[in-house]
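Source file: query24.pdb. Holds: PDB, C-alpha atoms.
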```pdb
MODEL        1
ATOM      1  CA  MET T   1     -74.639 -23.864 -67.804
ATOM      2  CA  SER T   2     -73.790 -20.503 -66.344
ATOM      3  CA  LEU T   3     -70.667 -18.754 -67.477
ATOM      4  CA  THR T   4     -68.951 -15.425 -67.272
ATOM      5  CA  ARG T   5     -69.272 -13.330 -70.409
ATOM      6  CA  ARG T   6     -67.834  -9.976 -71.250
ATOM      7  CA  VAL T   7     -68.524  -8.757 -74.766
ATOM      8  CA  SER T   8     -67.125  -5.584 -76.246
ATOM      9  CA  THR T   9     -68.216  -4.830 -79.780
ATOM     10  CA  SER T  10     -67.494  -2.135 -82.263
ATOM     11  CA  LEU T  11     -69.522  -2.611 -85.428
ATOM     12  CA  PRO T  12     -67.830  -2.323 -88.839
ATOM     13  CA  GLN T  13     -70.035   0.614 -89.832
ATOM     14  CA  VAL T  14     -68.424   2.867 -87.230
ATOM     15  CA  ILE T  15     -64.741   2.098 -87.818
ATOM     16  CA  GLY T  16     -62.903   5.319 -88.547
ATOM     17  CA  PHE T  17     -65.556   7.567 -87.028
ATOM     18  CA  ALA T  18     -63.565   8.446 -83.925
ATOM     19  CA  ASN T  19     -62.702  11.923 -85.155
ATOM     20  CA  ARG T  20     -66.051  12.696 -86.764
ATOM     21  CA  SER T  21     -69.052  14.444 -85.306
ATOM     22  CA  PHE T  22     -72.267  12.488 -84.842
ATOM     23  CA  LYS T  23     -73.770  15.054 -87.207
ATOM     24  CA  SER T  24     -71.677  13.599 -90.027
ATOM     25  CA  LEU T  25     -72.769   9.992 -89.431
ATOM     26  CA  ARG T  26     -75.142   8.336 -91.904
ATOM     27  CA  PHE T  27     -76.927   5.047 -91.847
ATOM     28  CA  PRO T  28     -76.026   2.580 -94.632
ATOM     29  CA  GLY T  29     -77.792   3.333 -97.884
ATOM     30  CA  GLN T  30     -78.486   6.982 -97.124
ATOM     31  CA  SER T  31     -77.719   9.787 -99.547
ATOM     32  CA  LEU T  32     -74.386  11.586 -99.416
ATOM     33  CA  ASP T  33     -76.284  14.856 -99.769
ATOM     34  CA  SER T  34     -75.518  16.606 -96.471
ATOM     35  CA  SER T  35     -78.712  18.627 -96.686
ATOM     36  CA  SER T  36     -80.775  15.426 -96.379
ATOM     37  CA  SER T  37     -78.579  13.655 -93.795
ATOM     38  CA  PRO T  38     -80.200  13.267 -90.366
ATOM     39  CA  VAL T  39     -78.583  14.646 -87.241
ATOM     40  CA  LEU T  40     -77.813  11.553 -85.188
ATOM     41  CA  THR T  41     -77.804  11.508 -81.426
ATOM     42  CA  HIS T  42     -75.927   9.355 -78.935
ATOM     43  CA  GLY T  43     -77.853   7.164 -76.461
ATOM     44  CA  ILE T  44     -76.920   4.856 -73.588
ATOM     45  CA  HIS T  45     -78.973   1.978 -72.180
ATOM     46  CA  VAL T  46     -78.222  -0.224 -69.168
ATOM     47  CA  PHE T  47     -80.109  -3.392 -68.362
ATOM     48  CA  GLN T  48     -80.211  -5.828 -65.452
ATOM     49  CA  CYS T  49     -82.522  -8.830 -65.440
ATOM     50  CA  PRO T  50     -82.615 -12.579 -64.791
ATOM     51  CA  ASP T  51     -80.402 -14.315 -67.341
ATOM     52  CA  ALA T  52     -82.242 -15.905 -70.268
ATOM     53  CA  VAL T  53     -81.685 -16.915 -73.868
ATOM     54  CA  GLY T  54     -82.168 -14.134 -76.414
ATOM     55  CA  ILE T  55     -81.692 -11.000 -74.327
ATOM     56  CA  VAL T  56     -78.881  -9.601 -76.493
ATOM     57  CA  ALA T  57     -80.872 -10.334 -79.655
ATOM     58  CA  LYS T  58     -83.943  -8.516 -78.339
ATOM     59  CA  LEU T  59     -81.868  -5.544 -77.159
ATOM     60  CA  SER T  60     -80.212  -5.279 -80.550
ATOM     61  CA  ASP T  61     -83.526  -5.610 -82.379
ATOM     62  CA  CYS T  62     -85.116  -2.925 -80.193
ATOM     63  CA  ILE T  63     -82.453  -0.452 -81.321
ATOM     64  CA  ALA T  64     -82.068  -1.610 -84.935
ATOM     65  CA  SER T  65     -85.810  -1.740 -85.607
ATOM     66  CA  LYS T  66     -85.960   2.013 -85.016
ATOM     67  CA  GLY T  67     -83.006   2.679 -87.313
ATOM     68  CA  GLY T  68     -80.498   2.892 -84.479
ATOM     69  CA  ASN T  69     -76.936   1.622 -84.730
ATOM     70  CA  ILE T  70     -75.047   0.062 -81.822
ATOM     71  CA  LEU T  71     -71.557   1.501 -81.367
ATOM     72  CA  GLY T  72     -70.507  -0.669 -78.446
ATOM     73  CA  ALA T  73     -71.953  -3.175 -76.010
ATOM     74  CA  ASP T  74     -70.771  -4.745 -72.767
ATOM     75  CA  VAL T  75     -72.388  -7.842 -71.270
ATOM     76  CA  PHE T  76     -71.671  -9.556 -67.959
ATOM     77  CA  VAL T  77     -73.262 -12.705 -66.552
ATOM     78  CA  PRO T  78     -71.597 -13.736 -63.280
ATOM     79  CA  GLU T  79     -70.904 -17.435 -62.882
ATOM     80  CA  ASN T  80     -73.709 -19.405 -61.204
ATOM     81  CA  LYS T  81     -75.765 -16.248 -60.517
ATOM     82  CA  ARG T  82     -78.174 -16.235 -63.485
ATOM     83  CA  VAL T  83     -78.238 -12.449 -63.608
ATOM     84  CA  PHE T  84     -77.675 -10.516 -66.831
ATOM     85  CA  TYR T  85     -76.026  -7.072 -66.947
ATOM     86  CA  SER T  86     -75.501  -4.994 -70.078
ATOM     87  CA  ARG T  87     -74.616  -1.505 -71.230
ATOM     88  CA  SER T  88     -75.178  -0.430 -74.824
ATOM     89  CA  GLN T  89     -74.088   2.729 -76.631
ATOM     90  CA  PHE T  90     -75.905   3.584 -79.830
ATOM     91  CA  ILE T  91     -76.717   6.368 -82.262
ATOM     92  CA  PHE T  92     -80.169   7.132 -83.592
ATOM     93  CA  ASP T  93     -82.231   9.679 -85.489
ATOM     94  CA  PRO T  94     -84.420  11.469 -82.889
ATOM     95  CA  VAL T  95     -86.944  12.285 -85.614
ATOM     96  CA  LYS T  96     -87.460   8.593 -86.370
ATOM     97  CA  TRP T  97     -87.184   7.503 -82.728
ATOM     98  CA  PRO T  98     -88.582  10.214 -80.409
ATOM     99  CA  ARG T  99     -87.465  10.166 -76.782
ATOM    100  CA  GLU T 100     -90.919   9.215 -75.457
ATOM    101  CA  GLN T 101     -91.165   6.290 -77.856
ATOM    102  CA  MET T 102     -87.681   5.147 -76.866
ATOM    103  CA  ASP T 103     -88.704   5.045 -73.204
ATOM    104  CA  GLU T 104     -91.797   3.013 -74.113
ATOM    105  CA  ASP T 105     -89.827   0.554 -76.252
ATOM    106  CA  PHE T 106     -87.234  -0.118 -73.565
ATOM    107  CA  ASN T 107     -89.994  -0.339 -70.952
ATOM    108  CA  ASN T 108     -91.694  -3.069 -72.995
ATOM    109  CA  LEU T 109     -88.376  -4.900 -73.147
ATOM    110  CA  SER T 110     -88.031  -4.528 -69.401
ATOM    111  CA  LYS T 111     -91.434  -6.145 -68.846
ATOM    112  CA  MET T 112     -90.593  -8.979 -71.259
ATOM    113  CA  PHE T 113     -87.539 -10.011 -69.195
ATOM    114  CA  ASN T 114     -88.749  -8.943 -65.714
ATOM    115  CA  ALA T 115     -85.854  -6.503 -65.474
ATOM    116  CA  MET T 116     -84.686  -5.185 -62.122
ATOM    117  CA  ARG T 117     -83.107  -2.186 -63.835
ATOM    118  CA  SER T 118     -83.566  -0.596 -67.246
ATOM    119  CA  VAL T 119     -82.278   2.951 -67.698
ATOM    120  CA  VAL T 120     -81.875   4.894 -70.916
ATOM    121  CA  ARG T 121     -80.090   8.216 -71.217
ATOM    122  CA  VAL T 122     -79.674  10.599 -74.139
ATOM    123  CA  PRO T 123     -76.982  13.075 -73.011
ATOM    124  CA  ASP T 124     -77.799  15.694 -75.665
ATOM    125  CA  GLN T 125     -81.495  15.724 -74.696
ATOM    126  CA  ASP T 126     -81.617  14.845 -71.007
ATOM    127  CA  PRO T 127     -80.726  17.345 -68.274
ATOM    128  CA  LYS T 128     -77.302  17.004 -66.704
ATOM    129  CA  TYR T 129     -77.193  15.376 -63.304
ATOM    130  CA  LYS T 130     -77.580  17.927 -60.526
ATOM    131  CA  ILE T 131     -75.183  17.453 -57.633
ATOM    132  CA  ALA T 132     -74.240  19.164 -54.392
ATOM    133  CA  VAL T 133     -70.641  18.911 -53.200
ATOM    134  CA  LEU T 134     -69.846  18.585 -49.497
ATOM    135  CA  ALA T 135     -66.320  19.444 -48.387
ATOM    136  CA  SER T 136     -64.400  20.228 -45.236
ATOM    137  CA  LYS T 137     -61.131  22.158 -44.901
ATOM    138  CA  GLN T 138     -59.014  20.430 -47.558
ATOM    139  CA  ASP T 139     -59.581  21.922 -51.001
ATOM    140  CA  HIS T 140     -57.851  19.665 -53.509
ATOM    141  CA  CYS T 141     -60.810  17.435 -54.438
ATOM    142  CA  LEU T 142     -63.291  20.314 -54.362
ATOM    143  CA  VAL T 143     -61.124  22.527 -56.579
ATOM    144  CA  ASP T 144     -60.555  19.696 -59.035
ATOM    145  CA  LEU T 145     -64.308  19.073 -59.309
ATOM    146  CA  LEU T 146     -65.020  22.759 -59.860
ATOM    147  CA  HIS T 147     -62.442  22.972 -62.636
ATOM    148  CA  GLY T 148     -63.700  19.702 -64.144
ATOM    149  CA  TRP T 149     -67.202  21.159 -64.219
ATOM    150  CA  GLN T 150     -65.925  24.432 -65.723
ATOM    151  CA  ASP T 151     -63.959  22.614 -68.440
ATOM    152  CA  GLY T 152     -66.877  20.339 -69.301
ATOM    153  CA  ARG T 153     -64.993  17.200 -68.265
ATOM    154  CA  LEU T 154     -67.697  16.316 -65.755
ATOM    155  CA  PRO T 155     -71.264  16.032 -67.134
ATOM    156  CA  VAL T 156     -72.927  17.569 -64.069
ATOM    157  CA  ASP T 157     -74.424  20.808 -62.828
ATOM    158  CA  ILE T 158     -73.197  21.824 -59.363
ATOM    159  CA  THR T 159     -76.125  23.312 -57.464
ATOM    160  CA  CYS T 160     -74.148  24.326 -54.365
ATOM    161  CA  VAL T 161     -71.150  23.633 -52.171
ATOM    162  CA  ILE T 162     -71.762  22.814 -48.504
ATOM    163  CA  SER T 163     -68.992  22.905 -45.932
ATOM    164  CA  ASN T 164     -68.386  22.768 -42.205
ATOM    165  CA  HIS T 165     -65.351  25.012 -42.798
ATOM    166  CA  ASP T 166     -65.759  28.776 -43.029
ATOM    167  CA  ARG T 167     -63.669  29.879 -46.003
ATOM    168  CA  GLY T 168     -62.682  33.538 -46.258
ATOM    169  CA  SER T 169     -64.205  35.724 -48.956
ATOM    170  CA  ASN T 170     -60.841  36.190 -50.649
ATOM    171  CA  THR T 171     -60.022  32.493 -51.034
ATOM    172  CA  HIS T 172     -59.717  30.856 -54.439
ATOM    173  CA  VAL T 173     -62.762  28.640 -53.849
ATOM    174  CA  ILE T 174     -65.093  31.453 -52.801
ATOM    175  CA  ARG T 175     -63.964  33.710 -55.652
ATOM    176  CA  PHE T 176     -64.547  30.883 -58.133
ATOM    177  CA  LEU T 177     -68.012  30.108 -56.755
ATOM    178  CA  GLU T 178     -69.066  33.752 -56.762
ATOM    179  CA  ARG T 179     -67.809  34.216 -60.304
ATOM    180  CA  HIS T 180     -69.914  31.284 -61.496
ATOM    181  CA  GLY T 181     -72.970  31.895 -59.324
ATOM    182  CA  ILE T 182     -72.666  28.697 -57.274
ATOM    183  CA  PRO T 183     -73.916  29.135 -53.663
ATOM    184  CA  TYR T 184     -71.586  28.307 -50.787
ATOM    185  CA  HIS T 185     -73.230  27.254 -47.524
ATOM    186  CA  TYR T 186     -71.165  27.214 -44.349
ATOM    187  CA  LEU T 187     -72.766  24.990 -41.725
ATOM    188  CA  ARG T 188     -70.862  24.921 -38.466
ATOM    189  CA  THR T 189     -70.992  21.414 -37.043
ATOM    190  CA  THR T 190     -70.365  20.069 -33.564
ATOM    191  CA  LYS T 191     -70.052  16.574 -32.184
ATOM    192  CA  GLU T 192     -73.663  16.808 -31.047
ATOM    193  CA  ASN T 193     -75.086  18.534 -34.132
ATOM    194  CA  LYS T 194     -73.972  17.499 -37.623
ATOM    195  CA  ARG T 195     -76.515  19.882 -39.239
ATOM    196  CA  GLU T 196     -77.967  17.038 -41.284
ATOM    197  CA  GLY T 197     -81.435  18.570 -41.337
ATOM    198  CA  ASP T 198     -79.991  21.784 -42.759
ATOM    199  CA  ILE T 199     -78.095  19.834 -45.412
ATOM    200  CA  LEU T 200     -81.275  18.025 -46.467
ATOM    201  CA  GLU T 201     -83.039  21.365 -46.914
ATOM    202  CA  LEU T 202     -80.299  22.489 -49.309
ATOM    203  CA  VAL T 203     -80.242  19.406 -51.563
ATOM    204  CA  PRO T 204     -83.857  18.408 -52.376
ATOM    205  CA  ASN T 205     -83.460  18.823 -56.132
ATOM    206  CA  THR T 206     -80.124  17.049 -56.520
ATOM    207  CA  ASP T 207     -79.665  13.690 -58.247
ATOM    208  CA  PHE T 208     -76.793  12.592 -56.003
ATOM    209  CA  LEU T 209     -74.300  14.005 -53.508
ATOM    210  CA  VAL T 210     -70.508  14.061 -53.663
ATOM    211  CA  LEU T 211     -68.352  14.059 -50.539
ATOM    212  CA  ALA T 212     -65.114  15.766 -51.608
ATOM    213  CA  ARG T 213     -63.145  15.063 -48.435
ATOM    214  CA  TYR T 214     -66.102  15.884 -46.187
ATOM    215  CA  MET T 215     -64.825  14.819 -42.802
ATOM    216  CA  GLN T 216     -68.180  14.189 -41.151
ATOM    217  CA  ILE T 217     -69.955  10.852 -40.890
ATOM    218  CA  LEU T 218     -73.465  10.922 -42.363
ATOM    219  CA  SER T 219     -75.980   9.009 -40.272
ATOM    220  CA  GLY T 220     -78.225   6.232 -41.483
ATOM    221  CA  ASN T 221     -81.197   8.489 -40.849
ATOM    222  CA  PHE T 222     -79.708  11.106 -43.188
ATOM    223  CA  LEU T 223     -79.060   8.514 -45.915
ATOM    224  CA  ARG T 224     -82.601   7.168 -45.649
ATOM    225  CA  SER T 225     -84.112  10.665 -45.669
ATOM    226  CA  TYR T 226     -82.092  11.713 -48.709
ATOM    227  CA  GLY T 227     -82.921   8.466 -50.488
ATOM    228  CA  LYS T 228     -80.426   8.863 -53.352
ATOM    229  CA  ASP T 229     -76.828   7.910 -53.946
ATOM    230  CA  VAL T 230     -73.940   9.563 -52.110
ATOM    231  CA  ILE T 231     -70.421   9.154 -53.524
ATOM    232  CA  ASN T 232     -67.390   9.495 -51.262
ATOM    233  CA  ILE T 233     -63.637   9.614 -51.827
ATOM    234  CA  HIS T 234     -61.525   7.776 -49.275
ATOM    235  CA  HIS T 235     -57.848   8.635 -49.074
ATOM    236  CA  GLY T 236     -56.683   5.046 -48.873
ATOM    237  CA  LEU T 237     -57.077   1.648 -50.479
ATOM    238  CA  LEU T 238     -60.136   0.219 -48.767
ATOM    239  CA  PRO T 239     -60.606  -2.022 -46.904
ATOM    240  CA  SER T 240     -57.192  -1.140 -45.440
ATOM    241  CA  PHE T 241     -56.531   1.944 -43.311
ATOM    242  CA  LYS T 242     -60.091   2.964 -42.471
ATOM    243  CA  GLY T 243     -60.977   5.981 -40.355
ATOM    244  CA  GLY T 244     -58.845   9.064 -39.724
ATOM    245  CA  ASN T 245     -55.347   9.801 -41.103
ATOM    246  CA  PRO T 246     -55.112   6.812 -43.449
ATOM    247  CA  SER T 247     -52.139   8.398 -45.232
ATOM    248  CA  ARG T 248     -50.199   8.509 -41.962
ATOM    249  CA  GLN T 249     -51.378   4.989 -41.154
ATOM    250  CA  ALA T 250     -50.086   3.745 -44.492
ATOM    251  CA  PHE T 251     -46.834   5.735 -44.172
ATOM    252  CA  ASN T 252     -46.159   4.329 -40.724
ATOM    253  CA  ALA T 253     -46.915   0.836 -42.011
ATOM    254  CA  GLY T 254     -44.262   1.250 -44.723
ATOM    255  CA  VAL T 255     -46.539   0.293 -47.605
ATOM    256  CA  LYS T 256     -45.133   0.207 -51.151
ATOM    257  CA  LEU T 257     -48.419   1.014 -52.887
ATOM    258  CA  ILE T 258     -50.777   3.819 -51.929
ATOM    259  CA  GLY T 259     -54.229   4.378 -53.300
ATOM    260  CA  ALA T 260     -57.577   6.111 -53.270
ATOM    261  CA  THR T 261     -61.045   4.591 -53.231
ATOM    262  CA  SER T 262     -64.302   6.101 -54.418
ATOM    263  CA  HIS T 263     -67.360   4.334 -53.074
ATOM    264  CA  PHE T 264     -71.033   4.689 -52.297
ATOM    265  CA  VAL T 265     -71.813   5.816 -48.762
ATOM    266  CA  THR T 266     -73.658   3.376 -46.514
ATOM    267  CA  GLU T 267     -74.356   3.264 -42.800
ATOM    268  CA  GLU T 268     -71.224   1.181 -42.257
ATOM    269  CA  LEU T 269     -68.193   3.489 -42.265
ATOM    270  CA  ASP T 270     -66.037   3.249 -45.429
ATOM    271  CA  ALA T 271     -67.690  -0.034 -46.396
ATOM    272  CA  GLY T 272     -70.008   0.931 -49.252
ATOM    273  CA  PRO T 273     -69.784  -0.618 -52.738
ATOM    274  CA  ILE T 274     -66.574   0.442 -54.481
ATOM    275  CA  ILE T 275     -66.839   2.370 -57.750
ATOM    276  CA  GLU T 276     -63.200   3.146 -58.528
ATOM    277  CA  GLN T 277     -59.737   2.564 -57.074
ATOM    278  CA  MET T 278     -56.356   3.917 -58.155
ATOM    279  CA  VAL T 279     -52.848   3.137 -56.954
ATOM    280  CA  GLU T 280     -49.335   4.548 -57.163
ATOM    281  CA  ARG T 281     -46.010   3.123 -56.060
ATOM    282  CA  VAL T 282     -44.097   4.735 -53.187
ATOM    283  CA  SER T 283     -40.792   3.838 -51.611
ATOM    284  CA  HIS T 284     -38.559   4.425 -48.613
ATOM    285  CA  ARG T 285     -37.374   7.619 -50.372
ATOM    286  CA  ASP T 286     -40.766   9.265 -49.918
ATOM    287  CA  ASN T 287     -41.237  11.470 -46.890
ATOM    288  CA  LEU T 288     -44.662  12.172 -45.406
ATOM    289  CA  LEU T 289     -45.105  15.313 -47.551
ATOM    290  CA  SER T 290     -44.426  13.592 -50.885
ATOM    291  CA  PHE T 291     -46.500  10.662 -49.667
ATOM    292  CA  VAL T 292     -49.496  12.936 -49.027
ATOM    293  CA  GLN T 293     -49.044  14.816 -52.323
ATOM    294  CA  LYS T 294     -49.153  11.576 -54.283
ATOM    295  CA  SER T 295     -52.174  10.481 -52.292
ATOM    296  CA  GLU T 296     -54.059  13.733 -52.973
ATOM    297  CA  ASN T 297     -53.414  13.465 -56.711
ATOM    298  CA  LEU T 298     -54.872   9.970 -56.672
ATOM    299  CA  GLU T 299     -57.917  11.160 -54.732
ATOM    300  CA  LYS T 300     -58.705  13.857 -57.315
ATOM    301  CA  GLN T 301     -58.382  11.481 -60.247
ATOM    302  CA  CYS T 302     -60.290   8.676 -58.545
ATOM    303  CA  LEU T 303     -63.250  10.837 -57.502
ATOM    304  CA  ALA T 304     -63.569  12.497 -60.919
ATOM    305  CA  LYS T 305     -63.435   9.095 -62.651
ATOM    306  CA  ALA T 306     -66.129   7.699 -60.347
ATOM    307  CA  ILE T 307     -68.468  10.642 -60.978
ATOM    308  CA  LYS T 308     -67.958  10.418 -64.739
ATOM    309  CA  SER T 309     -68.586   6.660 -64.712
ATOM    310  CA  TYR T 310     -71.737   7.137 -62.653
ATOM    311  CA  CYS T 311     -73.106   9.814 -65.014
ATOM    312  CA  GLU T 312     -72.322   7.645 -68.054
ATOM    313  CA  LEU T 313     -74.383   4.780 -66.560
ATOM    314  CA  ARG T 314     -71.328   2.552 -66.203
ATOM    315  CA  VAL T 315     -71.985   1.599 -62.561
ATOM    316  CA  LEU T 316     -74.505  -1.086 -61.586
ATOM    317  CA  PRO T 317     -75.125  -2.673 -58.155
ATOM    318  CA  TYR T 318     -73.939  -6.254 -57.828
ATOM    319  CA  GLU T 319     -74.563  -8.631 -54.930
ATOM    320  CA  GLY T 320     -75.340  -5.872 -52.454
ATOM    321  CA  LYS T 321     -71.803  -4.806 -51.544
ATOM    322  CA  LYS T 322     -70.236  -4.880 -55.000
ATOM    323  CA  THR T 323     -70.576  -3.051 -58.299
ATOM    324  CA  VAL T 324     -70.340  -3.876 -61.976
ATOM    325  CA  VAL T 325     -68.436  -1.052 -63.685
ATOM    326  CA  PHE T 326     -68.495  -1.200 -67.491
TER     327      PHE T 326
ENDMDL
END
```

Would you write out, as structure tokens, the structure that this file holds?
Amino acid sequence: MSLTRRVSTSLPQVIGFANRSFKSLRFPGQSLDSSSSPVLTHGIHVFQCPDAVGIVAKLSDCIASKGGNILGADVFVPENKRVFYSRSQFIFDPVKWPREQMDEDFNNLSKMFNAMRSVVRVPDQDPKYKIAVLASKQDHCLVDLLHGWQDGRLPVDITCVISNHDRGSNTHVIRFLERHGIPYHYLRTTKENKREGDILELVPNTDFLVLARYMQILSGNFLRSYGKDVINIHHGLLPSFKGGNPSRQAFNAGVKLIGATSHFVTEELDAGPIIEQMVERVSHRDNLLSFVQKSENLEKQCLAKAIKSYCELRVLPYEGKKTVVF
């Protein structure tokens, strides 16, 4: 019998560790002598495979057999679909469980269950995700991402900013980019020429792209040529108010809730799998200016949350047009 399961665990060994460094963690039975305590590292593993008996047990054994300790686990098996999704967070001693061996162990597990997806990430050892940010004239999402990167809130490296808007040398964005050595590429676009070939030449070494209010439609040919994920922020609650000026559309419709949607970009406009949505209440007392201000704040928060979730391996594809977000 198929059923829906969602498991969230926090093992007794880790209760009370919220304010302690991983460096202070010890496995049960280890000496209290700090000089002999191992430096433990945080790992994340996501798994997608046909549902079967014993998957959770094998995942747990894979980690525990190498001295690792699971801090939290999420499991989802959609009803009548016979597909298993999981995300595990664990700590381990990299001396006892080297990164290469970890990859091999999880790969063996993947073969055992014919997994469609098995990804492991060790944030302290693996390079940060490299991204390029595409933006048009509006700055609020771009500026928020730059400050999130500067503050360390976003676990990414920004390789460049690409825009179809020519910002002056004395603007806040350009001064920030120059101060931090991030290239800014102005590519003038027209209706006939979206400069997609030029964009592709600038982003070959990126892991994914972020559209921070980039007001150009990327073609299917571009998406196929790039071949990696592209994350967009839509200033509206999809699937409502698609296309241009959704804030004005929503304002004119007299809605009582406004929102923002972050989603993967596909060939179909504003119809890619949704990663994150946020809402805020509005009323007849809001004018168009306050309406837009609230909307822009939601867009910044929603896009940043989607990027963080993506980098933390919380987002998995589900039934083509959906996502599982742990």

### Message
Please determine, counting only C-alpha atoms, which residue among T:Leu209, T:Met116, T:Leu187, T:Cys141 has the shortest atom-to-atom distance to T:Ile158.
### Response
T:Leu209

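The shortest atom-to-atom distance to T:Ile274, with all atoms listed in the file taken into account, belongs to T:Val324 out of T:Gly148, T:Lys228, T:Phe208, T:Val324.
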
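Counting only C-alpha atoms, T:Tyr184 has the following residues at most 6 Å away, ignoring those fewer than 4 positions along the same chain: T:Cys160, T:Val161, T:Ile162.
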
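Atom CA of T:His185 sits 12.3 Å away from atom CA of T:Gly168.
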
### Message
With distances taken over all atoms listed in the file, which residue among T:Asn193, T:Tyr310, T:Gly259, T:Asp61 lies nearest T:Met278?
### Response
T:Gly259

Quick one: what's the axis-aligned box for stretch 72-85 of chain T, all listed atoms, 5 Å on every side, centre and edges in Å to one decimal, as AutoDock Vina command-line options?
```
--center_x -74.4 --center_y -10.0 --center_z -69.5 --size_x 17.7 --size_y 28.7 --size_z 27.9
```

Against stretch 302-305 of chain T, which residues of stretch 167-272 of chain T fall within 9 Å? For each one I want the closest pair of atoms and the distance in Å (one decimal), counting all atoms listed in the file, rows by chain and increasing residue number, as a Markdown table.
```
| residue | atom | partner | partner_atom | distance |
| --- | --- | --- | --- | --- |
| T:Val210 | CA | T:Leu303 | CA | 8.8 |
| T:Ala212 | CA | T:Leu303 | CA | 7.9 |
| T:Ile231 | CA | T:Leu303 | CA | 8.4 |
| T:Asn232 | CA | T:Leu303 | CA | 7.6 |
| T:Ile233 | CA | T:Leu303 | CA | 5.8 |
| T:His234 | CA | T:Leu303 | CA | 8.9 |
| T:Ala260 | CA | T:Cys302 | CA | 6.5 |
| T:Thr261 | CA | T:Cys302 | CA | 6.7 |
| T:Ser262 | CA | T:Leu303 | CA | 5.7 |
| T:His263 | CA | T:Leu303 | CA | 8.9 |
```

Residues of the last selection are to be written out with C-alpha atoms, as a CSV table (one decimal), in the coordinates of the input.
```csv
chain,number,residue,atom,x,y,z
T,210,VAL,CA,-70.5,14.1,-53.7
T,212,ALA,CA,-65.1,15.8,-51.6
T,231,ILE,CA,-70.4,9.2,-53.5
T,232,ASN,CA,-67.4,9.5,-51.3
T,233,ILE,CA,-63.6,9.6,-51.8
T,234,HIS,CA,-61.5,7.8,-49.3
T,260,ALA,CA,-57.6,6.1,-53.3
T,261,THR,CA,-61.0,4.6,-53.2
T,262,SER,CA,-64.3,6.1,-54.4
T,263,HIS,CA,-67.4,4.3,-53.1
```

#### Entry: Counting all atoms listed in the file, the option among T:Leu71, T:Val265, T:Val39, T:Cys49 closest to T:Arg224
T:Val265

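The two atoms in question, atom CA of T:Lys294 and atom CA of T:Arg153, are spaced 21.9 Å apart.
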
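From atom CA of T:Leu313 back to atom CA of T:Gly220, the distance works out to 25.4 Å.
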
### Task
To verify the selection step, state as a list in words which residues the PyMOL selection byres ((chain T and resi 172) around 12) yields on this input.
Asp139, His140, Leu142, Val143, Leu146, His147, Arg167, Gly168, Ser169, Asn170, Thr171, Val173, Ile174, Arg175, Phe176, Leu177, Glu178 and Arg179 of chain T

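In terms of minimum interatomic distance to T:Val56, T:Asp74 ranks closest within T:Glu104, T:Glu201, T:Asp74, T:Asp126, counting all atoms listed in the file.
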
### Query
Near T:Pro94, within 12 Å and counting all atoms listed in the file, which residues show up once chain neighbours fewer than 6 positions away are dropped, as a PyMOL selection string?
chain T and resi 38-43+66-68+100-102+122+124-125

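The nearest approach to T:Val83 among the residues T:Val156, T:Ile55, T:Leu223, T:Ile199, with all atoms listed in the file taken into account, belongs to T:Ile55.
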
At a cut-off of 12 Å, using only C-alpha atoms, what residues contact T:Pro127? Leave out same-chain residues fewer than 5 positions from it and give the result as a PDB file with C-alpha atoms, in the frame of the given file.
```
ATOM      1  CA  ARG T 121     -80.090   8.216 -71.217  1.00  0.00           C
ATOM      2  CA  VAL T 122     -79.674  10.599 -74.139  1.00  0.00           C
ATOM      3  CA  PRO T 155     -71.264  16.032 -67.134  1.00  0.00           C
ATOM      4  CA  VAL T 156     -72.927  17.569 -64.069  1.00  0.00           C
ATOM      5  CA  ASP T 157     -74.424  20.808 -62.828  1.00  0.00           C
ATOM      6  CA  THR T 206     -80.124  17.049 -56.520  1.00  0.00           C
ATOM      7  CA  ASP T 207     -79.665  13.690 -58.247  1.00  0.00           C
ATOM      8  CA  CYS T 311     -73.106   9.814 -65.014  1.00  0.00           C
TER       9      CYS T 311
END
```

### Message
I need every residue sitting at most 6 Å from the point (-78.3, 1.1, -71.1) (coordinates as in the file, all atoms listed in the file considered), written as a PyMOL selection string.
### Response
chain T and resi 44-47+87-88+119-120

Do you know which residues the PyMOL selection byres ((chain T and resi 296) around 10) returns on this file, as a PDB file with C-alpha atoms, keeping the file's coordinate frame?
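Written output follows (selection-v6.pdb):
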```pdb
ATOM      1  CA  GLN T 138     -59.014  20.430 -47.558  1.00  0.00           C
ATOM      2  CA  HIS T 140     -57.851  19.665 -53.509  1.00  0.00           C
ATOM      3  CA  CYS T 141     -60.810  17.435 -54.438  1.00  0.00           C
ATOM      4  CA  HIS T 235     -57.848   8.635 -49.074  1.00  0.00           C
ATOM      5  CA  GLY T 236     -56.683   5.046 -48.873  1.00  0.00           C
ATOM      6  CA  SER T 247     -52.139   8.398 -45.232  1.00  0.00           C
ATOM      7  CA  GLY T 259     -54.229   4.378 -53.300  1.00  0.00           C
ATOM      8  CA  ALA T 260     -57.577   6.111 -53.270  1.00  0.00           C
ATOM      9  CA  SER T 290     -44.426  13.592 -50.885  1.00  0.00           C
ATOM     10  CA  PHE T 291     -46.500  10.662 -49.667  1.00  0.00           C
ATOM     11  CA  VAL T 292     -49.496  12.936 -49.027  1.00  0.00           C
ATOM     12  CA  GLN T 293     -49.044  14.816 -52.323  1.00  0.00           C
ATOM     13  CA  LYS T 294     -49.153  11.576 -54.283  1.00  0.00           C
ATOM     14  CA  SER T 295     -52.174  10.481 -52.292  1.00  0.00           C
ATOM     15  CA  ASN T 297     -53.414  13.465 -56.711  1.00  0.00           C
ATOM     16  CA  LEU T 298     -54.872   9.970 -56.672  1.00  0.00           C
ATOM     17  CA  GLU T 299     -57.917  11.160 -54.732  1.00  0.00           C
ATOM     18  CA  LYS T 300     -58.705  13.857 -57.315  1.00  0.00           C
ATOM     19  CA  GLN T 301     -58.382  11.481 -60.247  1.00  0.00           C
ATOM     20  CA  CYS T 302     -60.290   8.676 -58.545  1.00  0.00           C
TER      21      CYS T 302
END
```
